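Here the structure is laid out as structure tokens; the discussion comes afterwards.
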Amino acid sequence: MIKFARWVIILLVGAAAWSTPATAQTLIRFNSWLPPTHPIMSLTIRPWTEEVAKVTQNRVKFEFTAQSMGPPPNQFDMVKDAVADAAITVHGYTPARFPLMQIGELPFLSNLSEPLSVSLWRVTQKYFAAKDEHAGTQLMGVFVSQPARVWTTRKALKSVPDWEGMKLAGGASIYLEIAKTLGGVGVRAPGPQAAEMLKRGVVDGVLIDASSFTDFSLAGTVKHLLDFPKGMSAATFCVIVNKAKWNSISAADRAAIEKISGEILSRNAGRNWDREAAKSRENVKAAGVEVTMAQGAYLRALEDKLRFLDDQWLQKAAAAGIDGKAALSELKSTVNGYRP
């Protein structure tokens with residue numbers, strides 16, 4: 001009888017072992033507010049999540065929402081409060097929360113996304129990490145849009161006086177300041193919404209990157225492009241995971257994920273954006289958009305009028321106890337000396 005009972009116990013323990021997975025799986029719900037075909041999602045975010053699954057041997061996997069559970073400006077709070085486990089967000093949608101990250105938005109920093117994205121990640125880690133502007137989340141990467149140009153419908157912006165009275169939409173708050181400083185009217189709207197407002201004639205133009213001409217189907221709507229040797233300003237993004245969800249992942253898997261994130265994810269995001277922007281510029285040419293290049297006295301006038309934005313950011317950095325001059329100098333130096 002004792003021997004029989006012992007065999008029953010062995011069989012029950014064995015059955016339990018077979019019915020329980022050898023390793024638990026962490027499923028991370030990623031909130032998607034951009035369409036799945038948008039290059040940010042299709043070229044950067046989804047490949048990164050697939051790589052996460054690979055390096056963790058499927059112990060950590062992502063699933064994407066069919067539609068957004070909240071508007072773009074709410075993404076950070078949604079992740080921090082565990083409404084969603086992960087998302088991307090634009091710092092400029094809620095600028096008061098991320099004053100230090102505005103360094104990446106300053107005018108005329110870079111012509112490309114990749115060098116500025118890498119530089120922003122390095123400066124964030126070196127100078128801003130202790131301030132933890134992303135508290136409540138795990139920061140997986142930061143990147144910037146390809147720096148914005150100005151796209152208009154009814155007239156070209158060939159001189160500073162041409163900006164007078166122009167209604168210009170943009171997602172980041174700095175775009176509104178730029179429009180106002182140059183005599184126009186800034187209208188706050190995330191990229192997809194700004195594009196729709198332009199199509200409906202609600203605004204006269206948008207401050208947005210070159211790839212968005214294709215991504216948001218602006219051919220036939222935009223008639224004029226004001227271009228710059230270095231983009232007017234960039235929107236900064238972050239990829240975040242809820243902190244509690246991140247901490248629920250094993251230390252070994254967190255380490256494996258970190259090896260493919262951070263600067264690597266930031267660089268890939270910037271590189272992909274630059275490639276899409278280059279392709280989109282061919283569509284701009286094919287659509288017959290009139291291009292004005294800001295240069296000479298016109299460019300110097302724009303730089304002079306917008307220089308106060310650098311000073312404004314340096315004051316915010318000082319208030320936060322950050323050596324802003326060193327951070328900004330290093331950011332610019334890294335961008336200017338960047339080699340892929």
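Residue numbers start at 1 in each chain; chains themselves are named A, B, ... in the order of the structure tokens; ligands are numbered from 1 in the order shown.
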Sorted per-residue table, range 196-265 of chain A near range 95-112 of chain A, closest atoms and distance, 10 Å, only C-alpha atoms, as JSON lines:
{"residue": "A:Phe228", "atom": "CA", "partner": "A:Asn111", "partner_atom": "CA", "distance": 8.0}
{"residue": "A:Pro229", "atom": "CA", "partner": "A:Asn111", "partner_atom": "CA", "distance": 6.4}
{"residue": "A:Lys230", "atom": "CA", "partner": "A:Asn111", "partner_atom": "CA", "distance": 4.1}
{"residue": "A:Gly231", "atom": "CA", "partner": "A:Asn111", "partner_atom": "CA", "distance": 5.2}
{"residue": "A:Met232", "atom": "CA", "partner": "A:Pro107", "partner_atom": "CA", "distance": 5.0}
{"residue": "A:Ser233", "atom": "CA", "partner": "A:Pro107", "partner_atom": "CA", "distance": 4.6}
{"residue": "A:Ala234", "atom": "CA", "partner": "A:Glu105", "partner_atom": "CA", "distance": 4.8}
{"residue": "A:Ala235", "atom": "CA", "partner": "A:Glu105", "partner_atom": "CA", "distance": 5.8}
{"residue": "A:Thr236", "atom": "CA", "partner": "A:Gly104", "partner_atom": "CA", "distance": 6.2}
{"residue": "A:Phe237", "atom": "CA", "partner": "A:Met101", "partner_atom": "CA", "distance": 9.2}
{"residue": "A:Cys238", "atom": "CA", "partner": "A:Met101", "partner_atom": "CA", "distance": 9.8}
Per-residue DSSP, range 37-98 of chain A, filtered to strand (DSSP E or B), as a PyMOL selection string: chain A and resi 60-64+86-90
The selected residues should be written to file as a PDB file, in the first residue's frame (atoms: C-alpha atoms).
ATOM      1  CA  VAL A  60       9.667  38.087 -23.465  1.00  0.00           C
ATOM      2  CA  LYS A  61       7.252  38.845 -26.273  1.00  0.00           C
ATOM      3  CA  PHE A  62       5.339  41.906 -27.422  1.00  0.00           C
ATOM      4  CA  GLU A  63       1.793  42.202 -28.701  1.00  0.00           C
ATOM      5  CA  PHE A  64       0.456  45.347 -30.359  1.00  0.00           C
ATOM      6  CA  ALA A  86       4.955  49.933 -23.566  1.00  0.00           C
ATOM      7  CA  ALA A  87       4.706  52.708 -26.146  1.00  0.00           C
ATOM      8  CA  ILE A  88       6.573  55.436 -27.943  1.00  0.00           C
ATOM      9  CA  THR A  89       5.820  59.044 -27.219  1.00  0.00           C
ATOM     10  CA  VAL A  90       6.925  62.502 -28.318  1.00  0.00           C
TER      11      VAL A  90
END
Dump as a Markdown table the rows for residues of range 199-221 of chain A within 8 Å of range 282-304 of chain A: closest atom pair and distance in Å with one decimal, only C-alpha atoms counted, ordered by chain and rising residue number.
| residue | atom | partner | partner_atom | distance |
| --- | --- | --- | --- | --- |
| A:Phe213 | CA | A:Val284 | CA | 7.3 |
| A:Thr214 | CA | A:Asn283 | CA | 7.1 |
| A:Ala219 | CA | A:Ala287 | CA | 6.0 |
| A:Gly220 | CA | A:Ala287 | CA | 7.0 |
Those of range 182-260 of chain A in DSSP alpha helix (DSSP H), formatted as number ranges by chain: A: 191-199, 211-215, 243-247, 251-259
Between CA of Gln25 in chain A and CA of Thr56 in chain A - distance in Å to one decimal: 9.6 Å
For Gly92 in chain A, the nearest of the candidates A:Arg188, A:Arg200, A:Arg29, A:Arg275, counting only C-alpha atoms: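 Of the candidates, the smallest distance to Gly92 in chain A is held by A:Arg188.
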Who sits within 9 Å of Ala66 in chain A, only C-alpha atoms, same chain under 3 positions skipped, as a list in words: Asn31, Ser32 and Pro36 of chain A
Please save C-alpha atoms of the selected residues as an mmCIF file, in the first residue's frame.
data_model
loop_
_atom_site.group_PDB
_atom_site.id
_atom_site.type_symbol
_atom_site.label_atom_id
_atom_site.label_comp_id
_atom_site.auth_asym_id
_atom_site.auth_seq_id
_atom_site.Cartn_x
_atom_site.Cartn_y
_atom_site.Cartn_z
ATOM 1 C CA ASN A 31 0.095 50.603 -27.428
ATOM 2 C CA SER A 32 0.104 51.648 -31.104
ATOM 3 C CA PRO A 36 1.334 49.650 -38.380
#
Compile the contact shell of Val241 in chain A as a PDB file with N, CA and C atoms, in the first residue's frame: residues with an atom at most 7 Å away, counting only C-alpha atoms, same-chain residues fewer than 6 positions apart removed.
ATOM      1  N   VAL A  79       1.655  54.387 -20.004  1.00  0.00           N
ATOM      2  CA  VAL A  79       2.671  53.390 -19.682  1.00  0.00           C
ATOM      3  C   VAL A  79       3.051  53.466 -18.204  1.00  0.00           C
ATOM      4  N   ASP A  85       1.646  48.510 -21.411  1.00  0.00           N
ATOM      5  CA  ASP A  85       2.959  48.113 -20.897  1.00  0.00           C
ATOM      6  C   ASP A  85       4.100  48.857 -21.575  1.00  0.00           C
ATOM      7  N   ALA A  86       3.878  49.294 -22.807  1.00  0.00           N
ATOM      8  CA  ALA A  86       4.955  49.933 -23.566  1.00  0.00           C
ATOM      9  C   ALA A  86       4.357  50.831 -24.633  1.00  0.00           C
ATOM     10  N   ALA A  87       5.154  51.786 -25.098  1.00  0.00           N
ATOM     11  CA  ALA A  87       4.706  52.708 -26.146  1.00  0.00           C
ATOM     12  C   ALA A  87       5.890  53.559 -26.579  1.00  0.00           C
ATOM     13  N   THR A 137       8.985  54.560 -15.712  1.00  0.00           N
ATOM     14  CA  THR A 137       9.151  53.753 -16.923  1.00  0.00           C
ATOM     15  C   THR A 137      10.620  53.373 -17.079  1.00  0.00           C
ATOM     16  N   GLN A 138      10.863  52.371 -17.907  1.00  0.00           N
ATOM     17  CA  GLN A 138      12.219  52.010 -18.296  1.00  0.00           C
ATOM     18  C   GLN A 138      12.471  52.601 -19.676  1.00  0.00           C
ATOM     19  N   LEU A 139      13.484  53.443 -19.780  1.00  0.00           N
ATOM     20  CA  LEU A 139      13.803  54.092 -21.046  1.00  0.00           C
ATOM     21  C   LEU A 139      14.619  53.130 -21.906  1.00  0.00           C
TER      22      LEU A 139
END
Counting only C-alpha atoms, the option among A:Ala82, A:Leu157, A:Ala179, A:Val144 closest to Lys223 in chain A: A:Leu157
Exercise: Val118 in chain A partners within 7 Å, only C-alpha atoms, chain neighbours under 4 positions left out, as a ChimeraX atom specification: /A:114,122,263,266-267
Quick one: write out the picked residues with N, CA and C atoms as a short mmCIF file (atom, residue, chain, number, x, y, z; two decimals), in the first residue's frame?
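Full text of again_25.cif as output:
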data_model
loop_
_atom_site.label_atom_id
_atom_site.label_comp_id
_atom_site.auth_asym_id
_atom_site.auth_seq_id
_atom_site.Cartn_x
_atom_site.Cartn_y
_atom_site.Cartn_z
N GLU A 114 19.90 60.31 -37.70
CA GLU A 114 20.80 59.34 -37.06
C GLU A 114 21.82 59.98 -36.13
N ARG A 122 23.37 59.63 -25.91
CA ARG A 122 24.59 59.73 -25.11
C ARG A 122 24.50 60.86 -24.09
N GLU A 263 21.58 52.84 -27.20
CA GLU A 263 22.16 53.53 -28.35
C GLU A 263 21.90 52.77 -29.65
N SER A 266 18.36 53.54 -30.69
CA SER A 266 18.31 54.95 -31.08
C SER A 266 18.93 55.16 -32.46
N ARG A 267 20.08 54.53 -32.69
CA ARG A 267 20.76 54.65 -33.99
C ARG A 267 19.89 54.06 -35.11
#
Nearest-residue call for Lys305 in chain A, choices A:His224, A:Lys325, A:Arg339, A:Lys180, using only C-alpha atoms: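 Selected residue with least distance to Lys305 in chain A: A:Lys180.
Pairwise distance (CA of Asn58 in chain A, CA of Gly141 in chain A) equals 21.1 Å.
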